[in-house]
Amino acid sequence: MANIAIIFAGGTGKRMNTKSKPKQFLELHCKPILVYTLEEFNNHSKIDGIVLVILESWIDYCMELIKKFRLNKVKAVVAGGESALESQRNGLLKAQELFEPDSIVLIHDGVRPLVDEVTISKNIDSVKEHGTAITVTPAIETITVITKTGEIGQIIERSKVEMARAPQSFYLKDILEAHKQAQEEGLEFIDSASMMQHFGYSLFAVEGLPENIKITTPNDFYTFRALVDARENSQIFGI
């Protein structure tokens, strides 16, 4: 049984307002965001392989990055699809060719570069114990439900709410079966967690770090830069 990371980074970054390249290739300290993400999984002792799902036109560039940054656990690079779930499915089908059905897959956004070693390990352990793992962080703001007329409806106490993040992790055979069923029934889902729950799987939460943000807007990139610089400074000065 292997532990596989499916890293999907097939978006074009429209909300980032970048014209020259997709957001996953924006650089900080001469290293693309995507490489920061890949390194977290590549350097983890329990990860056996990585399947990268990327825009087809950027596959050759990614192959260069893999070589340059010595990302030796990347076993395949495949083209993404029209949606995030379709991109994930492409990655999972490639993983099926390379690994056993009872392998664990950790599905992760290529633009969540601040995932940490402990969160990855917790995901693997949760799948072994429960069959699923959904990374979450506590909500820090009050959550409200807005009606169609713009009126505030239910106000949810934040202590009862968690924010779903990534990785989202499952057994390879289980997530592939869910994708197969979704295709046969013509169903679309916002993420793997909602799809798996729809098909009757119980989802188990894994507490992650709040800084494990998805870099979608320029403000997210500035936050990412500040957090990376803070980490490097703490290592230099022993803080």
# chains A, B, ... in the order shown; residues from 1 in each chain; ligands from 1
>>> closest_atom_pairs(of="segment 91-110 of chain A", to="segment 209-227 of chain A", cutoff="12 Å", atoms="only C-alpha atoms", output="JSON lines")
{"residue": "A:His108", "atom": "CA", "partner": "A:Lys214", "partner_atom": "CA", "distance": 10.2}
{"residue": "A:Asp109", "atom": "CA", "partner": "A:Lys214", "partner_atom": "CA", "distance": 7.5}
{"residue": "A:Gly110", "atom": "CA", "partner": "A:Lys214", "partner_atom": "CA", "distance": 8.7}
>>> write_last_selection(atoms="C-alpha atoms", output="PDB file, in the first residue's frame")
ATOM      1  CA  HIS A 108      -4.388  18.773  -2.584  1.00  0.00           C
ATOM      2  CA  ASP A 109      -4.529  22.159  -4.297  1.00  0.00           C
ATOM      3  CA  GLY A 110      -1.315  23.177  -6.034  1.00  0.00           C
TER       4      GLY A 110
END
>>> select_by_dssp(residues="segment 1-183 of chain A", states="alpha helix (DSSP H)", output="PyMOL selection string")
chain A and resi 33-42+59-68+84-98+117-130+172-183
>>> closest_residue(among="A:Glu39, A:Glu141, A:Glu56, A:Asp48", to="Ser87 of chain A", atoms="only C-alpha atoms")
A:Glu56
>>> closest_residue(among="A:Tyr171, A:Phe41, A:Phe199, A:Phe189", to="Ser121 of chain A", atoms="only C-alpha atoms")
A:Phe41
>>> closest_residue(among="A:Ala164, A:Val228, A:Val74, A:Leu38", to="Ala133 of chain A", atoms="only C-alpha atoms")
A:Ala164
>>> atom_distance(atom1="atom CA of Asp174 of chain A", atom2="atom CA of Ile120 of chain A")
19.2 Å
